[in-house]
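This is target.txt (compact mmCIF, C-alpha atoms and all ligand atoms).
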# COMPACT_ATOMS: atom_id res chain seq x y z
CA MET R 95 4.38 59.76 15.77
CA LYS R 96 5.35 57.39 12.95
CA ASP R 97 4.16 57.15 9.36
CA LEU R 98 1.78 60.07 9.75
CA MET R 99 -0.37 61.38 6.90
CA ALA R 100 -3.51 63.46 6.59
CA HIS R 101 -6.39 64.02 4.18
CA ARG R 102 -8.22 67.32 3.99
CA GLY R 103 -11.78 67.71 2.68
CA GLU R 104 -15.41 67.51 3.73
CA ILE R 105 -15.69 64.61 6.19
CA ILE R 106 -18.70 62.71 7.52
CA HIS R 107 -19.03 59.66 9.75
CA PHE R 108 -21.23 58.28 12.55
CA LEU R 109 -20.22 58.01 16.17
CA THR R 110 -22.84 55.63 17.58
CA ASN R 111 -26.03 55.48 15.48
CA ASP R 112 -27.63 57.13 12.45
CA LYS R 113 -28.72 60.14 14.57
CA ASP R 114 -25.19 60.70 15.80
CA CYS R 115 -23.38 62.05 12.77
CA GLU R 116 -20.15 64.04 12.94
CA TYR R 117 -19.56 66.39 10.01
CA PHE R 118 -16.67 68.73 9.19
CA GLU R 119 -17.08 71.10 6.26
CA ASP R 120 -13.32 71.64 6.20
CA GLY R 121 -12.12 68.49 7.89
CA LEU R 122 -8.86 66.68 8.42
CA LEU R 123 -8.45 62.93 8.77
CA VAL R 124 -5.12 62.03 10.32
CA ILE R 125 -3.75 58.51 9.90
CA GLU R 126 -0.92 56.95 11.87
CA ASN R 127 0.48 53.54 10.88
CA GLY R 128 -2.69 52.64 8.99
CA HIS R 129 -5.03 53.53 11.87
CA ILE R 130 -7.11 56.60 12.65
CA HIS R 131 -5.08 59.05 14.69
CA SER R 132 -7.65 61.87 14.78
CA VAL R 133 -10.44 63.59 12.86
CA GLY R 134 -11.70 67.12 13.19
CA ASN R 135 -11.66 70.67 11.97
CA ALA R 136 -8.70 71.11 9.62
CA GLU R 137 -7.56 74.51 10.85
CA ILE R 138 -7.41 73.33 14.45
CA LEU R 139 -5.80 69.93 13.79
CA LEU R 140 -3.20 71.27 11.33
CA LYS R 141 -1.67 73.43 14.06
CA ARG R 142 -0.93 70.31 16.12
CA LEU R 143 0.71 68.23 13.38
CA PRO R 144 4.44 68.07 12.71
CA GLU R 145 5.27 70.40 9.83
CA ASP R 146 6.52 67.66 7.53
CA THR R 147 3.25 65.66 7.68
CA LYS R 148 2.09 64.76 4.18
CA ILE R 149 -1.32 66.36 3.59
CA THR R 150 -3.49 65.42 0.61
CA GLU R 151 -6.17 67.94 -0.33
CA HIS R 152 -9.52 66.73 -1.72
CA PRO R 153 -11.44 69.79 -2.95
CA ASN R 154 -15.11 69.21 -3.89
CA CYS R 155 -14.97 65.80 -2.27
CA LEU R 156 -16.55 64.03 0.67
CA ILE R 157 -14.51 61.61 2.78
CA THR R 158 -16.46 58.75 4.38
CA PRO R 159 -15.56 55.43 6.00
CA GLY R 160 -15.21 52.59 3.45
CA PHE R 161 -18.45 50.95 2.42
CA ILE R 162 -19.45 47.59 3.88
CA ASP R 163 -21.27 45.01 1.77
CA THR R 164 -22.95 42.61 4.20
CA HIS R 165 -24.02 40.07 1.59
CA VAL R 166 -22.41 39.13 -1.72
CA HIS R 167 -21.39 36.03 -3.71
CA TYR R 168 -17.98 36.30 -5.38
CA PRO R 169 -18.47 33.14 -7.52
CA GLN R 170 -21.48 34.74 -9.20
CA CYS R 171 -19.59 37.55 -11.01
CA GLU R 172 -20.02 35.85 -14.34
CA ILE R 173 -23.82 35.60 -14.13
CA ILE R 174 -24.50 39.22 -13.21
CA ALA R 175 -27.40 40.67 -15.22
CA SER R 176 -28.91 37.33 -16.30
CA TYR R 177 -32.39 37.52 -17.76
CA GLY R 178 -35.83 36.54 -16.74
CA LYS R 179 -35.86 34.24 -13.68
CA GLN R 180 -36.96 34.41 -10.07
CA LEU R 181 -35.01 32.86 -7.21
CA LEU R 182 -35.46 29.08 -7.48
CA GLU R 183 -35.28 28.97 -11.29
CA TRP R 184 -32.49 31.54 -11.25
CA LEU R 185 -30.45 29.23 -9.00
CA GLU R 186 -31.02 26.22 -11.30
CA THR R 187 -30.52 28.07 -14.59
CA TYR R 188 -27.63 30.39 -13.87
CA THR R 189 -26.14 30.03 -10.40
CA PHE R 190 -25.48 26.33 -10.00
CA PRO R 191 -23.80 25.93 -13.42
CA ALA R 192 -21.56 28.96 -12.73
CA GLU R 193 -20.57 27.72 -9.26
CA GLN R 194 -19.44 24.34 -10.61
CA LYS R 195 -16.46 26.04 -12.25
CA PHE R 196 -14.95 26.77 -8.85
CA ASP R 197 -13.55 23.30 -8.43
CA ASP R 198 -10.71 24.77 -10.53
CA PRO R 199 -8.45 26.80 -8.20
CA GLU R 200 -7.01 28.84 -11.08
CA TYR R 201 -10.42 29.92 -12.24
CA ALA R 202 -11.37 30.72 -8.64
CA ALA R 203 -8.25 32.89 -8.23
CA LYS R 204 -9.01 34.80 -11.44
CA ILE R 205 -12.59 35.55 -10.41
CA ALA R 206 -11.61 36.41 -6.82
CA SER R 207 -9.13 38.94 -8.15
CA PHE R 208 -11.69 40.49 -10.50
CA PHE R 209 -14.29 40.57 -7.72
CA LEU R 210 -12.02 42.33 -5.23
CA ASP R 211 -11.01 44.90 -7.84
CA GLN R 212 -14.71 45.56 -8.44
CA LEU R 213 -15.31 46.08 -4.72
CA LEU R 214 -12.43 48.53 -4.42
CA THR R 215 -13.45 50.42 -7.56
CA ASN R 216 -16.83 50.86 -5.91
CA GLY R 217 -15.49 52.02 -2.55
CA THR R 218 -16.31 48.77 -0.73
CA THR R 219 -13.57 47.93 1.72
CA THR R 220 -15.18 45.08 3.71
CA ALA R 221 -17.65 42.38 2.67
CA LEU R 222 -19.29 39.25 4.00
CA VAL R 223 -18.82 36.89 1.07
CA PHE R 224 -20.14 33.50 -0.03
CA GLY R 225 -17.70 31.09 -1.66
CA THR R 226 -18.93 27.90 -3.32
CA VAL R 227 -19.11 24.40 -1.89
CA HIS R 228 -15.46 23.91 -2.93
CA PRO R 229 -12.96 24.70 -0.15
CA GLN R 230 -10.51 25.82 -2.86
CA SER R 231 -12.90 28.68 -3.70
CA VAL R 232 -12.36 30.05 -0.19
CA ASP R 233 -8.59 29.49 -0.32
CA ALA R 234 -8.51 31.48 -3.58
CA PHE R 235 -10.62 34.28 -2.13
CA PHE R 236 -8.63 34.65 1.07
CA THR R 237 -5.32 34.49 -0.80
CA GLU R 238 -6.35 37.43 -3.00
CA ALA R 239 -7.88 39.38 -0.09
CA GLN R 240 -4.76 38.86 2.02
CA GLN R 241 -2.52 40.18 -0.76
CA ARG R 242 -4.61 43.37 -0.79
CA ASN R 243 -4.57 43.63 3.03
CA LEU R 244 -8.39 43.68 3.13
CA ARG R 245 -10.74 43.06 6.02
CA MET R 246 -12.93 40.35 4.54
CA ILE R 247 -15.17 37.55 5.79
CA CYS R 248 -15.83 34.48 3.64
CA GLY R 249 -17.01 30.90 4.00
CA LYS R 250 -17.42 27.68 2.10
CA VAL R 251 -21.02 26.92 1.18
CA MET R 252 -22.46 23.92 3.03
CA MET R 253 -25.01 22.21 0.78
CA ASP R 254 -25.95 18.52 0.95
CA ARG R 255 -29.25 18.32 -0.96
CA ASN R 256 -31.48 19.87 -3.65
CA ALA R 257 -28.62 20.96 -5.90
CA PRO R 258 -26.61 19.28 -8.72
CA ALA R 259 -24.47 16.35 -7.50
CA ALA R 260 -21.26 18.19 -8.41
CA LEU R 261 -22.12 20.88 -5.85
CA LEU R 262 -23.05 18.65 -2.93
CA ASP R 263 -21.06 17.90 0.18
CA THR R 264 -22.21 15.87 3.20
CA PRO R 265 -22.73 16.83 6.83
CA GLU R 266 -19.40 15.25 7.65
CA THR R 267 -17.30 16.63 4.77
CA SER R 268 -18.83 20.09 5.18
CA TYR R 269 -17.90 20.05 8.86
CA ASN R 270 -14.35 18.84 8.21
CA GLU R 271 -13.70 21.21 5.31
CA SER R 272 -15.14 24.22 7.15
CA LYS R 273 -13.09 23.37 10.23
CA ALA R 274 -9.89 23.12 8.20
CA LEU R 275 -10.61 26.50 6.58
CA ILE R 276 -11.28 28.10 9.98
CA GLU R 277 -7.97 26.75 11.28
CA LYS R 278 -6.17 28.01 8.19
CA TRP R 279 -7.70 31.46 7.71
CA HIS R 280 -9.79 32.76 10.62
CA ASN R 281 -8.14 35.81 12.23
CA LYS R 282 -5.17 35.56 9.86
CA ASP R 283 -4.21 39.18 9.14
CA ARG R 284 -7.56 40.93 8.51
CA LEU R 285 -9.50 37.83 7.44
CA ARG R 286 -12.33 36.07 9.22
CA TYR R 287 -14.36 32.97 8.56
CA ALA R 288 -18.15 32.60 8.26
CA VAL R 289 -19.93 29.25 8.60
CA THR R 290 -22.11 29.28 5.47
CA PRO R 291 -25.02 26.90 4.89
CA ARG R 292 -26.52 28.24 1.62
CA PHE R 293 -30.15 28.24 2.85
CA ALA R 294 -32.50 25.81 4.57
CA PRO R 295 -33.67 24.00 1.39
CA THR R 296 -30.14 22.87 0.48
CA SER R 297 -29.11 21.62 3.93
CA SER R 298 -30.40 18.57 5.77
CA PRO R 299 -31.09 18.92 9.50
CA GLU R 300 -27.94 16.83 10.04
CA GLN R 301 -25.86 19.39 8.15
CA LEU R 302 -27.38 22.33 10.05
CA GLU R 303 -26.45 20.50 13.23
CA GLN R 304 -22.83 20.39 12.05
CA ALA R 305 -22.99 24.14 11.34
CA GLY R 306 -24.12 24.66 14.94
CA ARG R 307 -21.28 22.45 16.16
CA LEU R 308 -18.75 24.63 14.33
CA LEU R 309 -20.17 27.78 15.95
CA GLN R 310 -19.98 26.15 19.34
CA GLU R 311 -16.38 25.03 18.82
CA TYR R 312 -15.29 28.39 17.35
CA PRO R 313 -17.40 30.99 19.16
CA ASP R 314 -15.85 33.99 17.41
CA VAL R 315 -16.48 32.88 13.82
CA HIS R 316 -19.30 34.46 11.81
CA PHE R 317 -22.40 32.88 10.31
CA GLN R 318 -24.22 33.70 7.09
CA THR R 319 -27.18 32.29 5.19
CA HIS R 320 -30.35 33.35 3.34
CA ILE R 321 -33.86 33.65 4.77
CA SER R 322 -37.38 34.45 3.52
CA GLU R 323 -36.36 35.95 0.21
CA ASN R 324 -39.02 34.54 -2.08
CA LYS R 325 -42.57 33.25 -1.47
CA GLN R 326 -42.00 29.87 -3.20
CA GLU R 327 -38.81 29.40 -1.20
CA CYS R 328 -40.74 30.02 2.05
CA GLU R 329 -43.42 27.46 1.08
CA TRP R 330 -40.70 24.94 0.25
CA VAL R 331 -39.02 25.43 3.64
CA ALA R 332 -42.36 24.90 5.42
CA LYS R 333 -42.74 21.57 3.57
CA LEU R 334 -39.14 20.46 4.17
CA PHE R 335 -39.20 21.31 7.89
CA PRO R 336 -42.81 20.70 9.04
CA GLU R 337 -41.68 20.29 12.65
CA ARG R 338 -40.29 23.86 12.83
CA LYS R 339 -42.43 26.86 13.87
CA ASN R 340 -41.28 29.11 11.01
CA TYR R 341 -38.32 29.68 8.65
CA LEU R 342 -36.09 31.32 11.27
CA ASP R 343 -36.82 28.49 13.69
CA VAL R 344 -35.06 26.07 11.30
CA TYR R 345 -31.84 27.97 12.01
CA ASP R 346 -32.67 28.77 15.62
CA HIS R 347 -33.23 25.09 16.41
CA HIS R 348 -29.59 24.44 15.47
CA HIS R 349 -28.25 27.39 17.51
CA LEU R 350 -27.28 29.46 14.48
CA LEU R 351 -28.56 32.86 15.68
CA GLY R 352 -26.41 35.42 17.45
CA LYS R 353 -24.50 38.67 17.23
CA ARG R 354 -22.25 37.48 14.40
CA SER R 355 -25.07 35.88 12.37
CA VAL R 356 -26.23 37.63 9.20
CA PHE R 357 -29.41 36.57 7.44
CA ALA R 358 -29.78 37.84 3.88
CA HIS R 359 -33.13 39.29 2.75
CA GLY R 360 -35.84 38.64 5.39
CA ILE R 361 -38.58 40.01 3.15
CA HIS R 362 -41.40 37.72 4.23
CA LEU R 363 -40.72 37.34 7.96
CA GLU R 364 -43.46 36.97 10.58
CA GLU R 365 -43.65 39.18 13.68
CA CYS R 366 -42.33 36.45 15.97
CA GLU R 367 -39.31 35.99 13.68
CA TRP R 368 -38.48 39.71 13.90
CA GLN R 369 -38.78 39.44 17.65
CA ARG R 370 -36.42 36.48 17.77
CA LEU R 371 -33.84 38.17 15.51
CA ALA R 372 -33.86 41.12 17.91
CA GLU R 373 -33.63 38.96 21.05
CA THR R 374 -30.61 37.11 19.69
CA ASP R 375 -28.89 40.26 18.33
CA SER R 376 -28.82 38.71 14.85
CA SER R 377 -28.61 40.88 11.72
CA ILE R 378 -30.36 41.22 8.40
CA ALA R 379 -28.61 42.07 5.12
CA PHE R 380 -31.00 44.28 3.15
CA CYS R 381 -30.29 43.67 -0.55
CA PRO R 382 -32.57 46.06 -2.46
CA ALA R 383 -31.02 45.75 -5.93
CA SER R 384 -31.28 41.97 -5.76
CA ASN R 385 -34.80 42.05 -4.35
CA LEU R 386 -35.88 44.11 -7.36
CA PHE R 387 -33.74 42.37 -9.98
CA ILE R 388 -34.91 38.83 -9.23
CA GLY R 389 -38.35 40.06 -8.24
CA SER R 390 -38.36 38.87 -4.64
CA GLY R 391 -40.32 41.63 -2.90
CA LEU R 392 -40.07 44.79 -0.81
CA PHE R 393 -38.03 44.65 2.40
CA ASN R 394 -39.64 46.48 5.31
CA LEU R 395 -36.83 48.50 6.89
CA HIS R 396 -39.32 50.28 9.13
CA LYS R 397 -40.12 46.95 10.76
CA ALA R 398 -36.44 46.06 11.22
CA ASN R 399 -35.94 49.40 12.98
CA HIS R 400 -39.12 48.99 15.02
CA TYR R 401 -37.86 45.68 16.38
CA GLY R 402 -34.30 46.99 16.74
CA VAL R 403 -32.81 44.41 14.38
CA LYS R 404 -29.36 45.45 13.13
CA THR R 405 -29.48 45.92 9.36
CA GLY R 406 -26.65 46.27 6.86
CA LEU R 407 -26.76 46.75 3.09
CA GLY R 408 -25.87 43.98 0.65
CA THR R 409 -25.37 44.08 -3.10
CA ASP R 410 -26.05 40.32 -3.33
CA VAL R 411 -24.21 40.12 -6.64
CA ALA R 412 -25.34 38.34 -8.74
CA GLY R 413 -28.98 38.39 -7.62
CA GLY R 414 -28.11 42.07 -7.45
CA ASP R 415 -27.04 43.75 -10.67
CA SER R 416 -24.43 46.12 -9.25
CA PHE R 417 -21.32 46.08 -7.06
CA SER R 418 -22.02 49.66 -6.04
CA ILE R 419 -23.22 50.34 -2.50
CA LEU R 420 -24.17 53.82 -3.76
CA LYS R 421 -26.53 52.33 -6.33
CA THR R 422 -27.75 49.93 -3.65
CA ILE R 423 -28.67 52.93 -1.48
CA ASN R 424 -30.58 54.42 -4.39
CA GLU R 425 -32.63 51.21 -4.74
CA ALA R 426 -33.12 51.01 -0.96
CA TYR R 427 -34.60 54.50 -1.02
CA LYS R 428 -37.10 53.57 -3.75
CA ILE R 429 -38.15 50.36 -1.98
CA GLN R 430 -38.92 52.31 1.19
CA GLN R 431 -40.77 55.01 -0.82
CA LEU R 432 -43.06 52.32 -2.24
CA GLN R 433 -44.01 51.48 1.36
CA GLY R 434 -44.60 55.09 2.39
CA ASN R 435 -41.31 55.52 4.27
CA SER R 436 -38.54 57.92 3.29
CA LEU R 437 -35.07 56.58 3.97
CA SER R 438 -32.88 59.52 4.93
CA ALA R 439 -29.41 60.18 3.54
CA PHE R 440 -27.96 59.83 7.02
CA GLU R 441 -29.65 56.52 7.74
CA SER R 442 -28.55 55.03 4.45
CA LEU R 443 -24.94 56.19 4.79
CA TYR R 444 -24.99 54.85 8.35
CA MET R 445 -26.14 51.43 7.10
CA ALA R 446 -23.37 51.46 4.50
CA THR R 447 -20.69 52.19 7.13
CA LEU R 448 -21.05 51.89 10.93
CA GLY R 449 -24.40 50.07 10.69
CA GLY R 450 -22.82 47.47 8.39
CA ALA R 451 -19.87 47.14 10.75
CA LYS R 452 -22.26 46.51 13.65
CA ALA R 453 -24.19 43.95 11.60
CA LEU R 454 -20.89 42.09 11.12
CA ASP R 455 -19.79 42.68 14.73
CA LEU R 456 -16.67 44.42 13.41
CA HIS R 457 -17.50 47.87 14.80
CA ASP R 458 -14.54 47.76 17.17
CA LYS R 459 -12.29 47.76 14.08
CA ILE R 460 -14.03 49.54 11.19
CA GLY R 461 -17.10 51.63 10.30
CA ASN R 462 -16.13 55.13 11.45
CA PHE R 463 -13.19 57.43 12.19
CA GLU R 464 -12.88 56.75 15.89
CA LYS R 465 -9.28 56.90 17.12
CA GLY R 466 -7.45 53.59 16.72
CA LYS R 467 -9.75 52.09 14.09
CA GLU R 468 -8.41 50.73 10.82
CA ALA R 469 -8.15 53.50 8.24
CA ASP R 470 -10.30 52.13 5.41
CA PHE R 471 -12.02 55.08 3.73
CA VAL R 472 -13.26 56.51 0.46
CA VAL R 473 -13.07 59.88 -1.21
CA LEU R 474 -16.25 60.73 -3.13
CA ASP R 475 -16.12 63.29 -5.92
CA TYR R 476 -19.10 65.66 -5.91
CA HIS R 477 -18.26 66.64 -9.50
CA ALA R 478 -17.84 63.14 -10.93
CA THR R 479 -20.40 63.70 -13.67
CA ASP R 480 -21.87 66.82 -15.28
CA LEU R 481 -25.24 66.02 -13.74
CA MET R 482 -23.77 65.61 -10.26
CA LYS R 483 -21.87 68.90 -10.55
CA PHE R 484 -24.99 70.68 -11.85
CA LYS R 485 -27.19 69.35 -9.03
CA LEU R 486 -24.80 69.26 -6.08
CA ASP R 487 -23.56 72.81 -6.57
CA GLN R 488 -27.15 73.95 -6.00
CA CYS R 489 -27.49 72.18 -2.63
CA ASP R 490 -27.17 74.41 0.44
CA SER R 491 -26.95 71.96 3.32
CA ILE R 492 -25.03 68.73 3.87
CA GLU R 493 -28.39 66.90 4.21
CA GLU R 494 -29.45 67.99 0.72
CA ARG R 495 -26.05 67.48 -0.85
CA LEU R 496 -25.53 64.03 0.70
CA PHE R 497 -28.99 62.86 -0.35
CA SER R 498 -28.54 63.98 -3.97
CA LEU R 499 -25.03 62.51 -4.04
CA LEU R 500 -26.31 59.14 -2.81
CA MET R 501 -29.07 59.13 -5.42
CA LEU R 502 -26.92 60.20 -8.39
CA ALA R 503 -23.53 58.61 -7.72
CA ASP R 504 -22.02 55.32 -8.84
CA ASP R 505 -18.46 54.04 -9.23
CA ARG R 506 -17.50 57.18 -11.20
CA ALA R 507 -17.82 59.12 -7.95
CA ILE R 508 -15.27 56.97 -6.11
CA LYS R 509 -12.17 59.11 -6.52
CA ASN R 510 -9.98 56.97 -4.27
CA THR R 511 -10.33 53.98 -1.98
CA PHE R 512 -7.89 53.72 0.93
CA ILE R 513 -7.02 50.51 2.76
CA MET R 514 -5.26 50.90 6.11
CA GLY R 515 -4.34 54.42 5.03
CA ARG R 516 -2.88 53.43 1.64
CA GLU R 517 -4.56 54.00 -1.70
CA ALA R 518 -5.77 50.70 -3.14
CA LYS R 519 -3.79 50.04 -6.29
CA ASN R 520 -6.52 48.65 -8.45
CA ALA R 521 -9.29 50.92 -7.31
CA LYS R 522 -9.11 53.22 -10.33
CA SER R 523 -8.04 50.83 -13.07
CA LYS R 524 -11.29 51.64 -14.87
N1 LIG Y 601 -30.81 31.68 -1.81
C1 LIG Y 601 -30.05 30.57 -1.85
N2 LIG Y 601 -28.96 30.76 -2.61
C2 LIG Y 601 -29.01 32.02 -3.05
C3 LIG Y 601 -28.16 32.80 -3.88
O1 LIG Y 601 -27.11 32.38 -4.36
N3 LIG Y 601 -28.56 34.08 -4.11
C4 LIG Y 601 -29.71 34.59 -3.59
N4 LIG Y 601 -30.03 35.84 -3.85
N5 LIG Y 601 -30.53 33.86 -2.83
C5 LIG Y 601 -30.19 32.60 -2.56
ZN ZN Y 602 -27.35 35.88 -1.68
Can you dump the structure from the file as structure tokens?
Amino acid sequence: MKDLMAHRGEIIHFLTNDKDCEYFEDGLLVIENGHIHSVGNAEILLKRLPEDTKITEHPNCLITPGFIDTHVHYPQCEIIASYGKQLLEWLETYTFPAEQKFDDPEYAAKIASFFLDQLLTNGTTTALVFGTVHPQSVDAFFTEAQQRNLRMICGKVMMDRNAPAALLDTPETSYNESKALIEKWHNKDRLRYAVTPRFAPTSSPEQLEQAGRLLQEYPDVHFQTHISENKQECEWVAKLFPERKNYLDVYDHHHLLGKRSVFAHGIHLEECEWQRLAETDSSIAFCPASNLFIGSGLFNLHKANHYGVKTGLGTDVAGGDSFSILKTINEAYKIQQLQGNSLSAFESLYMATLGGAKALDLHDKIGNFEKGKEADFVVLDYHATDLMKFKLDQCDSIEERLFSLLMLADDRAIKNTFIMGREAKNAKSK
């Protein structure tokens, strides 16, 4: 055994689905060369380890797999918490002006660095990330992510209409630039590429066809876009694509659905669209903080589960007003409560970890503590605030304690973030 280390504390993770949780009150997580070696009861596992193994104790803490953000825009850091607009006006007023700055590679590098530090501070170890239309925005992002040894997915926005001229590409340039980025970055270290048309209103059918061509030529790349987030947006799509059956069909027609395709939002989907998402093994990114902040609507998680559509959580910064997956879980809970459904602590932690990994088709590498997986994990401090200590010390069961933790915690509760077994340097530079 080489480079062996272990972390002792309460440990929770999911083996297959949200009903299949493994919990150790006094657990040990053993890491070998950056990968999971074993997980289990501390007293039993300690007896089997070489005596000189470095063991870090985490009293009053819960160890979980790193959080997975299945939908976020790194170029929108600057416009987080911007006042008073809903989606289409919000894009015009705040988003498009901010994204124009990313033609400057130095600016892009500065924001990418800030963004990744924010993710790590919040316990997020993997994300599916939008760049801007500028290929240099993706170069900057991957350069920073590679330096931090992170498992990240990113793509250049494809957008050839209905946006300011400075942010437009063409079907041809978007194809060529995306292809060059795939060749340069996809599967380099822990990085992967996602073909990224922004959403149907900003891509011509010719551009969507080029997106489909990229997926056909590179079958293991990912795909990300937005769908059915806002009522006005849905009406606009129906007008722009009268020949298509529904919003999803715009993407389906160009062969953009599949097990590595993630559609953000999906608030206003019809039954047949849910059915089609399930049939094609496509995923939804549920972005509750964003859906509330820009007033888009209430996502029906019950329906996603009913149809068996894989669902991950997304912060959607900067439609969302927080980088924290913990705060995102809190908002997800409230959105389901408003629809008469109670989202359990286990289901929400599952979505933030193994469920997110499945939505990204990365569950063979990350998402739980199965032997051989990459050791990205977080240590959550039950006593991070006076209120958390006061409440959590009263909880008798892990169900109760986990639920109250998820409702009350934010970045203050992220004691450490580990990447491939090593503590992330910037994670606690708060
Ligand atoms: N739809 C198209 N572009 C965007 C975006 O940048 N953010 C959100 N939330 N929705 C979008
Ligand atoms: Zn988004």
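Of the residues under consideration (R:Glu323, R:Asp197, R:Glu116, R:Glu151), R:Glu323 shows the shortest atom-to-atom contact distance to ligand LIG 601 (chain Y) when counting all atoms listed in the file.
Near ligand LIG 601 (chain Y), the residues found within 8 Å are His167, Gln170, Leu181, Leu182, Leu185, Thr189, Arg292, Phe293, Thr319, His320, Ile321, Glu323, Ala358, Ser384, Asn385, Ile388, Asp410, Val411, Ala412, Gly413 and Gly414 of chain R (criterion computed using all atoms listed in the file).
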Just checking: using all atoms listed in the file, which residue out of R:Asp415, R:Glu494, R:Asp470, R:Asp198 ends up closest to ligand ZN 602 (chain Y)?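 Under the stated criterion, the closest residue is R:Asp415.
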Leu486 (chain R) surroundings by only C-alpha atoms, 7 Å radius, close-in-sequence under 5 positions cut, as an NGL selection string: :R and (476 or 495 or 498)
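Across R:Ser207, R:Thr187, R:Asn243, R:Thr409, the tightest approach to ligand ZN 602 (chain Y) is made by R:Thr409 when counting all atoms listed in the file.
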Can you pull out the residues contacting Asn435 (chain R)? Cut-off 12 Å, using only C-alpha atoms, and skip same-chain residues under 2 positions away; I want them as an MDAnalysis selection string. chainID R and resid 392:397 399 426:433 437:438
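Closest approach to Thr215 (chain R) among R:Ile419, R:Ile460, R:Ala372, R:Leu443 is made by R:Ile419 (distances from all atoms listed in the file).
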Would you list the residues near (-27.8, 37.2, 9.3) (no more than 12 Å away, in the coordinates of the file, using all atoms listed in the file) as a PDB file with C-alpha atoms, in the coordinates of the input?
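Dumped to point.pdb:
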ATOM      1  CA  THR R 164     -22.950  42.610   4.200  1.00  0.00           C
ATOM      2  CA  HIS R 165     -24.020  40.070   1.590  1.00  0.00           C
ATOM      3  CA  LEU R 222     -19.290  39.250   4.000  1.00  0.00           C
ATOM      4  CA  ALA R 288     -18.150  32.600   8.260  1.00  0.00           C
ATOM      5  CA  VAL R 289     -19.930  29.250   8.600  1.00  0.00           C
ATOM      6  CA  THR R 290     -22.110  29.280   5.470  1.00  0.00           C
ATOM      7  CA  PRO R 291     -25.020  26.900   4.890  1.00  0.00           C
ATOM      8  CA  ARG R 292     -26.520  28.240   1.620  1.00  0.00           C
ATOM      9  CA  PHE R 293     -30.150  28.240   2.850  1.00  0.00           C
ATOM     10  CA  HIS R 316     -19.300  34.460  11.810  1.00  0.00           C
ATOM     11  CA  PHE R 317     -22.400  32.880  10.310  1.00  0.00           C
ATOM     12  CA  GLN R 318     -24.220  33.700   7.090  1.00  0.00           C
ATOM     13  CA  THR R 319     -27.180  32.290   5.190  1.00  0.00           C
ATOM     14  CA  HIS R 320     -30.350  33.350   3.340  1.00  0.00           C
ATOM     15  CA  ILE R 321     -33.860  33.650   4.770  1.00  0.00           C
ATOM     16  CA  SER R 322     -37.380  34.450   3.520  1.00  0.00           C
ATOM     17  CA  LEU R 342     -36.090  31.320  11.270  1.00  0.00           C
ATOM     18  CA  TYR R 345     -31.840  27.970  12.010  1.00  0.00           C
ATOM     19  CA  ASP R 346     -32.670  28.770  15.620  1.00  0.00           C
ATOM     20  CA  LEU R 350     -27.280  29.460  14.480  1.00  0.00           C
ATOM     21  CA  LEU R 351     -28.560  32.860  15.680  1.00  0.00           C
ATOM     22  CA  GLY R 352     -26.410  35.420  17.450  1.00  0.00           C
ATOM     23  CA  LYS R 353     -24.500  38.670  17.230  1.00  0.00           C
ATOM     24  CA  ARG R 354     -22.250  37.480  14.400  1.00  0.00           C
ATOM     25  CA  SER R 355     -25.070  35.880  12.370  1.00  0.00           C
ATOM     26  CA  VAL R 356     -26.230  37.630   9.200  1.00  0.00           C
ATOM     27  CA  PHE R 357     -29.410  36.570   7.440  1.00  0.00           C
ATOM     28  CA  ALA R 358     -29.780  37.840   3.880  1.00  0.00           C
ATOM     29  CA  HIS R 359     -33.130  39.290   2.750  1.00  0.00           C
ATOM     30  CA  GLY R 360     -35.840  38.640   5.390  1.00  0.00           C
ATOM     31  CA  TRP R 368     -38.480  39.710  13.900  1.00  0.00           C
ATOM     32  CA  LEU R 371     -33.840  38.170  15.510  1.00  0.00           C
ATOM     33  CA  ALA R 372     -33.860  41.120  17.910  1.00  0.00           C
ATOM     34  CA  THR R 374     -30.610  37.110  19.690  1.00  0.00           C
ATOM     35  CA  ASP R 375     -28.890  40.260  18.330  1.00  0.00           C
ATOM     36  CA  SER R 376     -28.820  38.710  14.850  1.00  0.00           C
ATOM     37  CA  SER R 377     -28.610  40.880  11.720  1.00  0.00           C
ATOM     38  CA  ILE R 378     -30.360  41.220   8.400  1.00  0.00           C
ATOM     39  CA  ALA R 379     -28.610  42.070   5.120  1.00  0.00           C
ATOM     40  CA  PHE R 380     -31.000  44.280   3.150  1.00  0.00           C
ATOM     41  CA  VAL R 403     -32.810  44.410  14.380  1.00  0.00           C
ATOM     42  CA  LYS R 404     -29.360  45.450  13.130  1.00  0.00           C
ATOM     43  CA  THR R 405     -29.480  45.920   9.360  1.00  0.00           C
ATOM     44  CA  GLY R 406     -26.650  46.270   6.860  1.00  0.00           C
ATOM     45  CA  LEU R 407     -26.760  46.750   3.090  1.00  0.00           C
ATOM     46  CA  GLY R 408     -25.870  43.980   0.650  1.00  0.00           C
ATOM     47  CA  GLY R 450     -22.820  47.470   8.390  1.00  0.00           C
ATOM     48  CA  LYS R 452     -22.260  46.510  13.650  1.00  0.00           C
ATOM     49  CA  ALA R 453     -24.190  43.950  11.600  1.00  0.00           C
ATOM     50  CA  LEU R 454     -20.890  42.090  11.120  1.00  0.00           C
ATOM     51  CA  ASP R 455     -19.790  42.680  14.730  1.00  0.00           C
TER      52      ASP R 455
END
Expected axis-aligned box over every listed atom of region 101-119 of chain R, 4 Å added per side, centre plus edges in Å to one decimal, as AutoDock Vina command-line options:
--center_x -17.6 --center_y 63.3 --center_z 10.1 --size_x 30.3 --size_y 23.6 --size_z 22.9
Of R:Glu104, R:Asp480, R:Asp163, R:Glu517, the one nearest to ligand ZN 602 (chain Y) when counting all atoms listed in the file is R:Asp163
